[in-house]
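K.L.:
Attaching a single structure in structure tokens format; questions to follow.
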Amino acid sequence: MLHRSDGLVYVAGAYREPLTGVEQCLVEHADPRLLRAAPAFLEALFARFPECTEAIVRVPGADDPHPVLTPHLSYLALPAEAARAPEGAPAPGLTVAPDEARAHDAAVHEWLTRAMDFAAAGRGLATLPEAVRAAVDALLDSPGRRTFLVYADGRDQPVGHATLSVDAHDDPSGTDFVDLVDILIDDPALRPAAIAALVRACAQVADGLGLPLLGNVCHDLDEAGRSGAVVTALEARGWRRTHQYRHAPRPSAGPRAEDASQDQEETS
């Protein structure tokens, strides 16, 4: 997976994204000079990995190396001092509790499925239902999974959740962390207060383990739209981008030689 372009190192490989089946070229490291010259770098990537239809490139921090690489996925960490600071006043009428008995796994399964489908739809893609089901099952069965539920006074069923992986590991940086996999609140009127309450609970878990809390934002194709506003709002609350993944599609081109030959044979 270690390659060079113009003498500069990058680490990349072909990867079939499991939830959508898209063939990607996943770049987990690239020399910053390659990122600044992204069009030439992408040309070299797609020549090396001809089966890939898009490139997903890891970029450190909040760097914006070249406009041809558009936001795809942003990872943000909540520093310990920000995590210990209350995000507003306690939410009246809301209760956050761990789902230790796993009594609401069916609801959590549906929320996680919805989140994965929504993220893919924002990229103009459809998920593979069996793949999503398998991914959610694996997450719920993982020993490191923790789920918090939020209840509104007068309601028997939870109105939302936060699900964590407390044993997450980032290979490129060698960092252990608590992964805030998803937060979803069904009631829009309760959403801001419920999210703040769930984040406080998740931050306490991470702080108790002595690990950073990381969340992620999936970007839509319109990078200046809703997802970009979410990142801006999180940064205003103290979250800081640790790294991101940027996206570039394979440039459209005329038919390949073998395709043109096949078309000619079929026409004949």
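Every chain in the structure tokens takes a letter, A first, then B, and so on in the order presented; its residues are numbered from 1, and the ligands are numbered from 1 following the presented order.
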Dump as CSV the rows for residues of segment 108-217 of chain A within 8 Å of segment 16-38 of chain A: closest atom pair and distance in Å with one decimal, only C-alpha atoms counted, ordered by chain and rising residue number.

P.N.:
residue,atom,partner,partner_atom,distance
A:Ala120,CA,A:Thr20,CA,7.5
A:Leu125,CA,A:Thr20,CA,7.0
A:Ala126,CA,A:Thr20,CA,6.3
A:Thr127,CA,A:Thr20,CA,4.6
A:Leu128,CA,A:Thr20,CA,5.6
A:Pro129,CA,A:Leu19,CA,8.0
A:Ala131,CA,A:Leu19,CA,5.4
A:Val132,CA,A:Leu19,CA,5.7
A:Pro172,CA,A:Glu28,CA,6.9

K.L.:
May I have the selected residues written with N, CA and C atoms, as an mmCIF file, in the first residue's frame?

P.N.:
data_model
loop_
_atom_site.group_PDB
_atom_site.id
_atom_site.type_symbol
_atom_site.label_atom_id
_atom_site.label_comp_id
_atom_site.auth_asym_id
_atom_site.auth_seq_id
_atom_site.Cartn_x
_atom_site.Cartn_y
_atom_site.Cartn_z
ATOM 1 N N ALA A 120 -25.736 8.068 3.318
ATOM 2 C CA ALA A 120 -25.526 7.672 1.932
ATOM 3 C C ALA A 120 -26.393 8.499 0.986
ATOM 4 N N LEU A 125 -26.369 8.318 -2.939
ATOM 5 C CA LEU A 125 -26.187 6.874 -3.038
ATOM 6 C C LEU A 125 -27.281 6.142 -2.271
ATOM 7 N N ALA A 126 -27.501 4.897 -2.637
ATOM 8 C CA ALA A 126 -28.395 4.010 -1.900
ATOM 9 C C ALA A 126 -27.560 2.962 -1.185
ATOM 10 N N THR A 127 -28.001 2.565 -0.003
ATOM 11 C CA THR A 127 -27.290 1.536 0.741
ATOM 12 C C THR A 127 -27.762 0.148 0.324
ATOM 13 N N LEU A 128 -26.931 -0.830 0.656
ATOM 14 C CA LEU A 128 -27.296 -2.231 0.470
ATOM 15 C C LEU A 128 -27.923 -2.709 1.775
ATOM 16 N N PRO A 129 -29.226 -3.017 1.784
ATOM 17 C CA PRO A 129 -29.923 -3.298 3.047
ATOM 18 C C PRO A 129 -29.265 -4.379 3.890
ATOM 19 N N ALA A 131 -26.151 -5.251 3.944
ATOM 20 C CA ALA A 131 -24.880 -4.754 4.469
ATOM 21 C C ALA A 131 -25.113 -3.826 5.654
ATOM 22 N N VAL A 132 -26.124 -2.977 5.553
ATOM 23 C CA VAL A 132 -26.447 -2.080 6.666
ATOM 24 C C VAL A 132 -26.882 -2.887 7.877
ATOM 25 N N PRO A 172 -3.899 5.251 11.561
ATOM 26 C CA PRO A 172 -2.854 6.155 11.068
ATOM 27 C C PRO A 172 -2.162 6.966 12.157
#

K.L.:
Using backbone DSSP assignments, extract all strand (DSSP E or B) residues from segment 22-131 of chain A; output them as a ChimeraX atom specification.

P.N.:
/A:23-30,54-60,70-78,94-98

K.L.:
I'd like the neighbourhood of Leu184 of chain A as a list in words, where a residue qualifies if any of its atoms comes within 7 Å (using only C-alpha atoms), though same-chain residues fewer than 6 positions away should be ignored.

P.N.:
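These residues fall inside the cut-off: Trp111, Gly160, His161 and Ala162 of chain A.
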
K.L.:
Could you please take those selected residues and save N, CA, C and O atoms as a CSV table (one decimal), in the first residue's frame?

P.N.:
chain,number,residue,atom,x,y,z
A,111,TRP,N,-32.7,3.4,14.6
A,111,TRP,CA,-32.0,4.7,14.5
A,111,TRP,C,-30.7,4.7,13.8
A,111,TRP,O,-30.4,5.5,13.0
A,160,GLY,N,-34.7,9.3,21.8
A,160,GLY,CA,-33.5,9.4,21.0
A,160,GLY,C,-32.4,8.6,21.7
A,160,GLY,O,-32.6,8.1,22.8
A,161,HIS,N,-31.2,8.6,21.1
A,161,HIS,CA,-30.1,7.9,21.7
A,161,HIS,C,-28.8,8.5,21.3
A,161,HIS,O,-28.7,9.4,20.4
A,162,ALA,N,-27.7,8.1,22.0
A,162,ALA,CA,-26.4,8.3,21.6
A,162,ALA,C,-25.7,7.0,21.8
A,162,ALA,O,-25.8,6.3,22.9

K.L.:
I'd like the neighbourhood of Arg250 of chain A as a PDB file with N, CA and C atoms, in the first residue's frame, where a residue qualifies if any of its atoms comes within 7 Å (using only C-alpha atoms), though same-chain residues fewer than 5 positions away should be ignored.

P.N.:
ATOM      1  N   PHE A  46      -5.798   7.304  -9.968  1.00  0.00           N
ATOM      2  CA  PHE A  46      -6.760   6.573 -10.778  1.00  0.00           C
ATOM      3  C   PHE A  46      -6.059   5.727 -11.844  1.00  0.00           C
ATOM      4  N   THR A  53     -13.886   4.126  -8.672  1.00  0.00           N
ATOM      5  CA  THR A  53     -14.690   5.195  -9.257  1.00  0.00           C
ATOM      6  C   THR A  53     -14.561   6.511  -8.509  1.00  0.00           C
ATOM      7  N   GLU A  54     -13.970   6.486  -7.308  1.00  0.00           N
ATOM      8  CA  GLU A  54     -13.777   7.713  -6.552  1.00  0.00           C
ATOM      9  C   GLU A  54     -12.600   7.535  -5.601  1.00  0.00           C
TER      10      GLU A  54
END

K.L.:
For the alpha helix (DSSP H) assignment from backbone DSSP, which residues of segment 208-250 of chain A qualify? Please present them as a list in words.

P.N.:
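The alpha helix (DSSP H) residues within segment 208-250 of chain A come out as Gly208, Leu209, Arg226, Ser227, Gly228, Ala229, Val230, Val231, Thr232, Ala233, Leu234, Glu235 and Ala236 of chain A.
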
K.L.:
Write out the residues from the selection above, keeping all heavy atoms, as a PDB file, in the first residue's frame.

P.N.:
ATOM      1  N   GLY A 208     -13.803   9.590  31.983  1.00  0.00           N
ATOM      2  CA  GLY A 208     -13.534   8.545  32.959  1.00  0.00           C
ATOM      3  C   GLY A 208     -12.536   7.514  32.462  1.00  0.00           C
ATOM      4  O   GLY A 208     -11.807   6.917  33.255  1.00  0.00           O
ATOM      5  N   LEU A 209     -12.487   7.308  31.151  1.00  0.00           N
ATOM      6  CA  LEU A 209     -11.545   6.354  30.566  1.00  0.00           C
ATOM      7  C   LEU A 209     -10.209   7.010  30.220  1.00  0.00           C
ATOM      8  O   LEU A 209      -9.264   6.325  29.811  1.00  0.00           O
ATOM      9  CB  LEU A 209     -12.144   5.739  29.292  1.00  0.00           C
ATOM     10  CG  LEU A 209     -13.373   4.852  29.491  1.00  0.00           C
ATOM     11  CD1 LEU A 209     -13.995   4.495  28.144  1.00  0.00           C
ATOM     12  CD2 LEU A 209     -13.000   3.581  30.259  1.00  0.00           C
ATOM     13  N   ARG A 226     -26.033  22.017   4.865  1.00  0.00           N
ATOM     14  CA  ARG A 226     -26.359  21.653   6.234  1.00  0.00           C
ATOM     15  C   ARG A 226     -25.170  21.066   6.980  1.00  0.00           C
ATOM     16  O   ARG A 226     -24.887  21.436   8.123  1.00  0.00           O
ATOM     17  CB  ARG A 226     -27.511  20.639   6.211  1.00  0.00           C
ATOM     18  CG  ARG A 226     -28.005  20.226   7.577  1.00  0.00           C
ATOM     19  CD  ARG A 226     -28.834  18.966   7.499  1.00  0.00           C
ATOM     20  NE  ARG A 226     -28.043  17.850   7.047  1.00  0.00           N
ATOM     21  CZ  ARG A 226     -27.283  17.103   7.850  1.00  0.00           C
ATOM     22  NH1 ARG A 226     -27.217  17.376   9.135  1.00  0.00           N
ATOM     23  NH2 ARG A 226     -26.585  16.098   7.373  1.00  0.00           N
ATOM     24  N   SER A 227     -24.440  20.149   6.343  1.00  0.00           N
ATOM     25  CA  SER A 227     -23.347  19.479   7.045  1.00  0.00           C
ATOM     26  C   SER A 227     -22.221  20.449   7.392  1.00  0.00           C
ATOM     27  O   SER A 227     -21.615  20.358   8.463  1.00  0.00           O
ATOM     28  CB  SER A 227     -22.813  18.316   6.203  1.00  0.00           C
ATOM     29  OG  SER A 227     -22.494  18.750   4.891  1.00  0.00           O
ATOM     30  N   GLY A 228     -21.937  21.384   6.505  1.00  0.00           N
ATOM     31  CA  GLY A 228     -20.929  22.388   6.819  1.00  0.00           C
ATOM     32  C   GLY A 228     -21.346  23.254   7.989  1.00  0.00           C
ATOM     33  O   GLY A 228     -20.514  23.620   8.834  1.00  0.00           O
ATOM     34  N   ALA A 229     -22.638  23.564   8.063  1.00  0.00           N
ATOM     35  CA  ALA A 229     -23.141  24.357   9.189  1.00  0.00           C
ATOM     36  C   ALA A 229     -23.036  23.581  10.495  1.00  0.00           C
ATOM     37  O   ALA A 229     -22.787  24.164  11.561  1.00  0.00           O
ATOM     38  CB  ALA A 229     -24.587  24.771   8.927  1.00  0.00           C
ATOM     39  N   VAL A 230     -23.227  22.256  10.435  1.00  0.00           N
ATOM     40  CA  VAL A 230     -23.100  21.425  11.638  1.00  0.00           C
ATOM     41  C   VAL A 230     -21.667  21.484  12.169  1.00  0.00           C
ATOM     42  O   VAL A 230     -21.442  21.637  13.370  1.00  0.00           O
ATOM     43  CB  VAL A 230     -23.516  19.975  11.341  1.00  0.00           C
ATOM     44  CG1 VAL A 230     -23.167  19.064  12.500  1.00  0.00           C
ATOM     45  CG2 VAL A 230     -25.011  19.906  11.044  1.00  0.00           C
ATOM     46  N   VAL A 231     -20.684  21.369  11.277  1.00  0.00           N
ATOM     47  CA  VAL A 231     -19.283  21.440  11.701  1.00  0.00           C
ATOM     48  C   VAL A 231     -18.987  22.796  12.329  1.00  0.00           C
ATOM     49  O   VAL A 231     -18.343  22.875  13.390  1.00  0.00           O
ATOM     50  CB  VAL A 231     -18.346  21.173  10.507  1.00  0.00           C
ATOM     51  CG1 VAL A 231     -16.898  21.456  10.891  1.00  0.00           C
ATOM     52  CG2 VAL A 231     -18.488  19.739  10.027  1.00  0.00           C
ATOM     53  N   THR A 232     -19.462  23.859  11.710  1.00  0.00           N
ATOM     54  CA  THR A 232     -19.239  25.199  12.251  1.00  0.00           C
ATOM     55  C   THR A 232     -19.847  25.339  13.636  1.00  0.00           C
ATOM     56  O   THR A 232     -19.225  25.909  14.559  1.00  0.00           O
ATOM     57  CB  THR A 232     -19.830  26.255  11.301  1.00  0.00           C
ATOM     58  OG1 THR A 232     -19.186  26.145  10.022  1.00  0.00           O
ATOM     59  CG2 THR A 232     -19.626  27.660  11.844  1.00  0.00           C
ATOM     60  N   ALA A 233     -21.043  24.812  13.827  1.00  0.00           N
ATOM     61  CA  ALA A 233     -21.704  24.900  15.129  1.00  0.00           C
ATOM     62  C   ALA A 233     -20.960  24.095  16.184  1.00  0.00           C
ATOM     63  O   ALA A 233     -20.817  24.532  17.330  1.00  0.00           O
ATOM     64  CB  ALA A 233     -23.152  24.409  15.011  1.00  0.00           C
ATOM     65  N   LEU A 234     -20.463  22.920  15.817  1.00  0.00           N
ATOM     66  CA  LEU A 234     -19.703  22.105  16.765  1.00  0.00           C
ATOM     67  C   LEU A 234     -18.405  22.807  17.173  1.00  0.00           C
ATOM     68  O   LEU A 234     -18.029  22.809  18.349  1.00  0.00           O
ATOM     69  CB  LEU A 234     -19.396  20.739  16.159  1.00  0.00           C
ATOM     70  CG  LEU A 234     -20.580  19.780  16.021  1.00  0.00           C
ATOM     71  CD1 LEU A 234     -20.180  18.549  15.216  1.00  0.00           C
ATOM     72  CD2 LEU A 234     -21.109  19.365  17.379  1.00  0.00           C
ATOM     73  N   GLU A 235     -17.740  23.408  16.216  1.00  0.00           N
ATOM     74  CA  GLU A 235     -16.499  24.119  16.531  1.00  0.00           C
ATOM     75  C   GLU A 235     -16.766  25.303  17.451  1.00  0.00           C
ATOM     76  O   GLU A 235     -15.957  25.621  18.327  1.00  0.00           O
ATOM     77  CB  GLU A 235     -15.807  24.559  15.248  1.00  0.00           C
ATOM     78  CG  GLU A 235     -15.228  23.388  14.459  1.00  0.00           C
ATOM     79  CD  GLU A 235     -14.599  23.787  13.145  1.00  0.00           C
ATOM     80  OE1 GLU A 235     -15.094  24.742  12.517  1.00  0.00           O
ATOM     81  OE2 GLU A 235     -13.610  23.153  12.740  1.00  0.00           O
ATOM     82  N   ALA A 236     -17.916  25.934  17.291  1.00  0.00           N
ATOM     83  CA  ALA A 236     -18.269  27.044  18.174  1.00  0.00           C
ATOM     84  C   ALA A 236     -18.495  26.567  19.609  1.00  0.00           C
ATOM     85  O   ALA A 236     -18.365  27.361  20.556  1.00  0.00           O
ATOM     86  CB  ALA A 236     -19.526  27.741  17.655  1.00  0.00           C
TER      87      ALA A 236
END

K.L.:
Set the distance at 9 Å and use only C-alpha atoms: which residues neighbour Ala203 of chain A once local chain neighbours fewer than 3 positions away are removed? I'd like the list as a list in words.

P.N.:
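Counting only C-alpha atoms, the residues come to Leu78, Ala80, Ala83, Arg84, Val178, Leu198, Val199, Arg200, Ala206, Asp207, Gly208, Pro212 and Leu213 of chain A.
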
K.L.:
Restricting the calculation to only C-alpha atoms, which member of A:Val217, A:Ala103, A:Val96, A:Ala119 is positioned closest to Tyr151 of chain A?

P.N.:
A:Val96

K.L.:
Kindly indicate which residue among A:Pro251, A:Asp186, A:Cys218, A:Gln204 lies nearest to Leu164 of chain A, using only C-alpha atoms for the distances.

P.N.:
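Smallest separation from Leu164 of chain A among the options: A:Gln204.
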
K.L.:
Using only C-alpha atoms, find the one residue out of A:Val59, A:Leu221, A:Ala106, A:Ala201 that sits nearest to Ala121 of chain A.

P.N.:
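Among the listed residues, the smallest separation from Ala121 of chain A belongs to A:Leu221.
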
K.L.:
Could you check the closest approach to Ala82 of chain A for each of A:Pro39, A:Pro50, A:Pro249, A:Gly238 and tell me which residue wins, using only C-alpha atoms?

P.N.:
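Comparing A:Pro39, A:Pro50, A:Pro249, A:Gly238 against Ala82 of chain A, the winner is A:Gly238.
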
K.L.:
Check the smallest atom-to-atom distance from each of A:Ala12, A:Met1, A:Ala197, A:Ala168 to Phe148 of chain A using only C-alpha atoms, then report the winner.

P.N.:
A:Ala197
